[in-house]
Number of protein chains: 2
Amino acid sequence: MFPEPLERLIRALERFPGVGPRSAERMALHVLRSPREEVAELAVALRDARLHTRRCQECGNITLQSPCPICEDPERDPGMICVVEGPREVEKLESAGIIPGVYHVLLEGLAPREGAEPENRALRALRERVEGGKVREVVIATAPDREGEGAALLVREALQGLTVQLTRLARGVPVGTRLEYLHGEILAEAFRGRRPWLPDEEA
Amino acid sequence: MFPEPLERLIRALERFPGVGPRSAERMALHVLRSPREEVAELAVALRDARLHTRRCQECGNITLQSPCPICEDPERDPGMICVVEGPREVEKLESAGIIPGVYHVLLEGLAPREGAEPENRALRALRERVEGGKVREVVIATAPDREGEGAALLVREALQGLTVQLTRLARGVPVGTRLEYLHGEILAEAFRGRRPWLPDEEA
């Protein structure tokens with residue numbers, strides 16, 4: 001056994017997802033070698049983040065105040081909800097100024113293998129928002145990988161029976177790339193989704 | 001940008017070795033979803049580990065008090081120093097009751113790729129211990145992998161010119177395993193190190 005405070009730290013670090021006994025030990029030894037101020041900063045940051053952030057009661061995004069600034073923004077179209085996996089995706093879409101509507105952040109849905117049930121809170125909350133009646137369209141913007149696909153299917157299931165238009169981001173060749181750098185799967189999906197190019201349409 | 005407390009936590013977590021921006025974010029989101037008491041426990045554990053453990057002034061192991069109980073034990077042979085990479089190896093050797101002597105724990109030497117200089121404190125301290133004159137034998141018990149081999153070479157360099165017997169743990173087939181489960185490298189090393197088996201020697 002290591003000295004008790006070190007053992008206790010290792011056990012606390014092991015609670016992080018993806019951190020096994022060896023990494024927890026490596027992280028703990030790093031703590032022992034770090035300047036005291038850095039360790040204190042981390043300890044304070046942990047508490048602050050846990051105590052001073054919350055999830056928006058509307059969209060589920062991480063925020064200081066609920067409802068979050070996006071949900072409170074009168075300029076946003078409440079008739080369009082864009083479903084994303086996490087706060088990082090909201091950031092990305094916001095900084096590109098793409099979504100005129102509001103968001104719904106699954107978060108727990110991000111990692112079904114870590115014990116989230118399919119019928120989770122975020123999905124129930126989404127259904128309730130749509131049942132509210134103002135929502136015309138739900139745009140699914142989960143990642144085009146296995147996890148995101150799984151989340152998309154759960155969203156579709158959760159909204160079953162409701163009259164709302166369900167859409168997804170288009171798939172195809174990403175603008176600005178050369179074909180030679182793309183995986184075959186991407187090209188296959190783009191081929192399956194090929195669209196007629198009308199004579200008067202721009203390139 | 002995420003809310004400030006979340007950003008601050010992510011930046012603090014990124015300081016851990018092997019934790020990149022994505023893992024730091026995943027860990028931070030885990031913190032937001034964890035019970036407050038767990039987060040508080042981790043914060044306290046961080047400070048306690050940093051403030052209440054130290055390295056033994058003799059052997060460099062992590063300890064509550066310096067010198068550590070092993071170095072203070074009058075039953076141990078101070079003439080034999082066993083060099084190990086970290087506290088975990090001390091634990092292992094101690095629980096098996098193998099080493100009659102004392103230890104020297106490199107720790108920083110564990111991860112040369114993370115910026116430890118070859119001429120580090122632990123090596124200088126080892127040289128000083130040996131120069132003290134009481135040490136007959138230094139047993140190198142670093143791991144038989146690339147990192148451990150590197151550490152072993154640094155130890156040998158650090159002790160150059162001193163009159164002390166340098167030994168290493170034997171290599172070969174690990175007792176209790178069937179050959180079919182062993183890598184070829186292990187077998188090759190065991191073959192190179194084969195020893196005569198005397199008629200009156202036990203199996």
# chains A, B, ... in the order shown; residues from 1 in each chain; ligands from 1

call {"tool": "residues_around", "arguments": {"residues": "B:Arg47", "least_positions_apart": "5", "cutoff": "10 Å", "atoms": "only C-alpha atoms", "output": "list of chain:residue names"}}
result
A:Pro5, A:Leu9, A:Val31, A:Leu32, A:Arg36, A:Glu37, A:Val39, A:Ala40, A:Glu41, A:Leu42, A:Ala43, B:Leu42, B:His52

call {"tool": "residues_around", "arguments": {"residues": "A:Arg15", "least_positions_apart": "3", "cutoff": "12 Å", "atoms": "only C-alpha atoms", "output": "PDB file with C-alpha atoms, in the first residue's frame"}}
result
ATOM      1  CA  ARG A   8      -7.031   7.990  -1.498  1.00  0.00           C
ATOM      2  CA  LEU A   9      -6.086  10.245  -4.411  1.00  0.00           C
ATOM      3  CA  ILE A  10      -5.571   7.254  -6.714  1.00  0.00           C
ATOM      4  CA  ARG A  11      -8.992   5.864  -5.812  1.00  0.00           C
ATOM      5  CA  ALA A  12     -10.624   9.256  -6.409  1.00  0.00           C
ATOM      6  CA  GLY A  18     -11.328   5.834 -19.069  1.00  0.00           C
ATOM      7  CA  VAL A  19      -8.893   6.171 -16.156  1.00  0.00           C
ATOM      8  CA  GLY A  20      -7.706   2.772 -14.932  1.00  0.00           C
ATOM      9  CA  PRO A  21      -5.535   1.978 -11.901  1.00  0.00           C
ATOM     10  CA  SER A  23      -3.255   5.944 -15.240  1.00  0.00           C
ATOM     11  CA  ALA A  24      -4.707   7.011 -11.903  1.00  0.00           C
ATOM     12  CA  GLU A 114     -20.910   4.163 -19.782  1.00  0.00           C
TER      13      GLU A 114
ATOM     14  CA  MET B  27     -13.175  14.304 -17.579  1.00  0.00           C
ATOM     15  CA  HIS B  30     -17.811  13.790 -15.866  1.00  0.00           C
ATOM     16  CA  VAL B  31     -17.112  16.105 -12.941  1.00  0.00           C
ATOM     17  CA  ARG B  33     -22.316  14.962 -13.617  1.00  0.00           C
ATOM     18  CA  SER B  34     -20.732  13.575 -10.450  1.00  0.00           C
ATOM     19  CA  PRO B  35     -22.239  13.915  -6.968  1.00  0.00           C
ATOM     20  CA  GLU B  38     -17.329  12.916  -4.853  1.00  0.00           C
ATOM     21  CA  VAL B  39     -15.973  16.092  -6.386  1.00  0.00           C
ATOM     22  CA  GLU B  41     -13.468  14.236  -2.023  1.00  0.00           C
ATOM     23  CA  LEU B  42     -11.260  14.469  -5.078  1.00  0.00           C
TER      24      LEU B  42
END

call {"tool": "residues_around", "arguments": {"residues": "B:Val90", "least_positions_apart": "2", "cutoff": "10 Å", "atoms": "only C-alpha atoms", "output": "list in words"}}
result
Met1 and Phe2 of chain A; Asn61, Cys82, Val83, Val84, Glu85, Gly86, Pro87, Arg88, Lys92, Leu93, Glu94, Ser95, Ala96, Ile99, Val102, Tyr103, His104, Val105 and Ala141 of chain B

call {"tool": "residues_around", "arguments": {"residues": "stretch 169-181 of chain B", "least_positions_apart": "5", "cutoff": "9 Å", "atoms": "only C-alpha atoms", "output": "list in words"}}
result
Val139, Ile140, Ala141, Thr142, Pro144, Ile186, Leu187, Ala188, Glu189, Ala190, Phe191, Arg192, Gly193 and Arg194 of chain B

call {"tool": "write_last_selection", "arguments": {"atoms": "C-alpha atoms", "output": "mmCIF file, in the first residue's frame"}}
result
data_model
loop_
_atom_site.group_PDB
_atom_site.id
_atom_site.type_symbol
_atom_site.label_atom_id
_atom_site.label_comp_id
_atom_site.auth_asym_id
_atom_site.auth_seq_id
_atom_site.Cartn_x
_atom_site.Cartn_y
_atom_site.Cartn_z
ATOM 1 C CA VAL B 139 20.890 -4.340 -7.550
ATOM 2 C CA ILE B 140 19.195 -2.855 -10.595
ATOM 3 C CA ALA B 141 15.548 -3.926 -10.638
ATOM 4 C CA THR B 142 14.165 -1.685 -13.358
ATOM 5 C CA PRO B 144 12.972 -5.316 -18.671
ATOM 6 C CA ILE B 186 11.651 -14.043 -23.585
ATOM 7 C CA LEU B 187 12.686 -17.491 -24.772
ATOM 8 C CA ALA B 188 15.618 -16.090 -26.743
ATOM 9 C CA GLU B 189 16.879 -14.224 -23.677
ATOM 10 C CA ALA B 190 16.467 -17.355 -21.551
ATOM 11 C CA PHE B 191 18.424 -19.375 -24.104
ATOM 12 C CA ARG B 192 21.251 -16.839 -24.270
ATOM 13 C CA GLY B 193 21.434 -16.896 -20.474
ATOM 14 C CA ARG B 194 21.264 -20.700 -20.107
#

call {"tool": "atom_distance", "arguments": {"atom1": "atom CA of B:Ile70", "atom2": "atom CA of B:Gly97"}}
result
12.1 Å

call {"tool": "select_by_dssp", "arguments": {"residues": "chain A", "states": "strand (DSSP E)", "output": "list of chain:residue names"}}
result
A:Arg54, A:Arg55, A:Ile62, A:Thr63, A:Asp77, A:Pro78, A:Gly79, A:Met80, A:Ile81, A:Cys82, A:Val83, A:Val84, A:Gly101, A:Val102, A:Tyr103, A:His104, A:Val105, A:Glu137, A:Val138, A:Val139, A:Ile140, A:Gln165, A:Leu166, A:Thr167, A:Arg168

call {"tool": "write_last_selection", "arguments": {"atoms": "N, CA and C atoms", "output": "short mmCIF file (atom, residue, chain, number, x, y, z; two decimals), in the first residue's frame"}}
result
data_model
loop_
_atom_site.label_atom_id
_atom_site.label_comp_id
_atom_site.auth_asym_id
_atom_site.auth_seq_id
_atom_site.Cartn_x
_atom_site.Cartn_y
_atom_site.Cartn_z
N ARG A 54 -24.36 24.56 -14.54
CA ARG A 54 -25.52 23.67 -14.49
C ARG A 54 -25.94 23.38 -15.92
N ARG A 55 -26.95 22.54 -16.06
CA ARG A 55 -27.49 22.30 -17.39
C ARG A 55 -28.69 23.21 -17.59
N ILE A 62 -24.45 22.99 -21.06
CA ILE A 62 -23.79 23.42 -19.83
C ILE A 62 -23.79 24.94 -19.81
N THR A 63 -24.19 25.52 -18.71
CA THR A 63 -24.36 26.97 -18.67
C THR A 63 -24.16 27.49 -17.25
N ASP A 77 -35.14 31.09 -33.53
CA ASP A 77 -36.40 30.46 -33.94
C ASP A 77 -36.68 29.25 -33.05
N PRO A 78 -37.67 29.33 -32.16
CA PRO A 78 -37.95 28.21 -31.26
C PRO A 78 -38.63 27.06 -32.00
N GLY A 79 -38.95 27.26 -33.28
CA GLY A 79 -39.60 26.20 -34.06
C GLY A 79 -38.62 25.20 -34.62
N MET A 80 -37.33 25.48 -34.50
CA MET A 80 -36.31 24.54 -34.98
C MET A 80 -35.38 24.16 -33.84
N ILE A 81 -35.33 22.85 -33.58
CA ILE A 81 -34.41 22.36 -32.53
C ILE A 81 -33.34 21.51 -33.20
N CYS A 82 -32.09 21.88 -32.94
CA CYS A 82 -30.97 21.11 -33.48
C CYS A 82 -30.42 20.22 -32.37
N VAL A 83 -30.47 18.90 -32.59
CA VAL A 83 -30.04 17.96 -31.57
C VAL A 83 -28.55 17.64 -31.74
N VAL A 84 -27.76 17.93 -30.70
CA VAL A 84 -26.33 17.64 -30.75
C VAL A 84 -25.93 16.77 -29.57
N GLY A 101 -32.21 28.21 -35.22
CA GLY A 101 -33.09 27.75 -34.14
C GLY A 101 -32.36 27.63 -32.82
N VAL A 102 -32.83 26.71 -32.00
CA VAL A 102 -32.23 26.46 -30.69
C VAL A 102 -31.67 25.03 -30.68
N TYR A 103 -31.10 24.64 -29.53
CA TYR A 103 -30.44 23.34 -29.47
C TYR A 103 -31.12 22.39 -28.50
N HIS A 104 -30.75 21.13 -28.63
CA HIS A 104 -31.03 20.17 -27.57
C HIS A 104 -29.78 19.33 -27.40
N VAL A 105 -29.21 19.37 -26.20
CA VAL A 105 -27.91 18.74 -25.95
C VAL A 105 -28.11 17.43 -25.20
N GLU A 137 -39.51 21.61 -36.67
CA GLU A 137 -38.46 20.76 -37.22
C GLU A 137 -37.42 20.40 -36.17
N VAL A 138 -37.03 19.13 -36.17
CA VAL A 138 -35.91 18.69 -35.33
C VAL A 138 -34.78 18.24 -36.26
N VAL A 139 -33.67 18.98 -36.22
CA VAL A 139 -32.52 18.67 -37.08
C VAL A 139 -31.55 17.83 -36.27
N ILE A 140 -31.33 16.61 -36.69
CA ILE A 140 -30.38 15.77 -35.95
C ILE A 140 -28.96 16.04 -36.46
N GLN A 165 -41.23 17.61 -38.23
CA GLN A 165 -40.35 17.17 -39.30
C GLN A 165 -38.97 16.82 -38.74
N LEU A 166 -38.54 15.60 -39.05
CA LEU A 166 -37.25 15.15 -38.57
C LEU A 166 -36.26 15.24 -39.73
N THR A 167 -35.17 15.98 -39.55
CA THR A 167 -34.16 16.06 -40.62
C THR A 167 -32.79 15.72 -40.05
N ARG A 168 -31.85 15.46 -40.97
CA ARG A 168 -30.47 15.19 -40.54
C ARG A 168 -29.54 16.03 -41.39
#

call {"tool": "atom_distance", "arguments": {"atom1": "atom CA of A:Leu123", "atom2": "atom CA of A:Gln57"}}
result
13.0 Å

call {"tool": "closest_residue", "arguments": {"among": "A:Leu107, A:Glu14, A:Arg50, A:Gln65", "to": "chain B", "atoms": "only C-alpha atoms"}}
result
A:Arg50

call {"tool": "atom_distance", "arguments": {"atom1": "atom CA of A:Val164", "atom2": "atom CA of A:Lys134"}}
result
9.6 Å
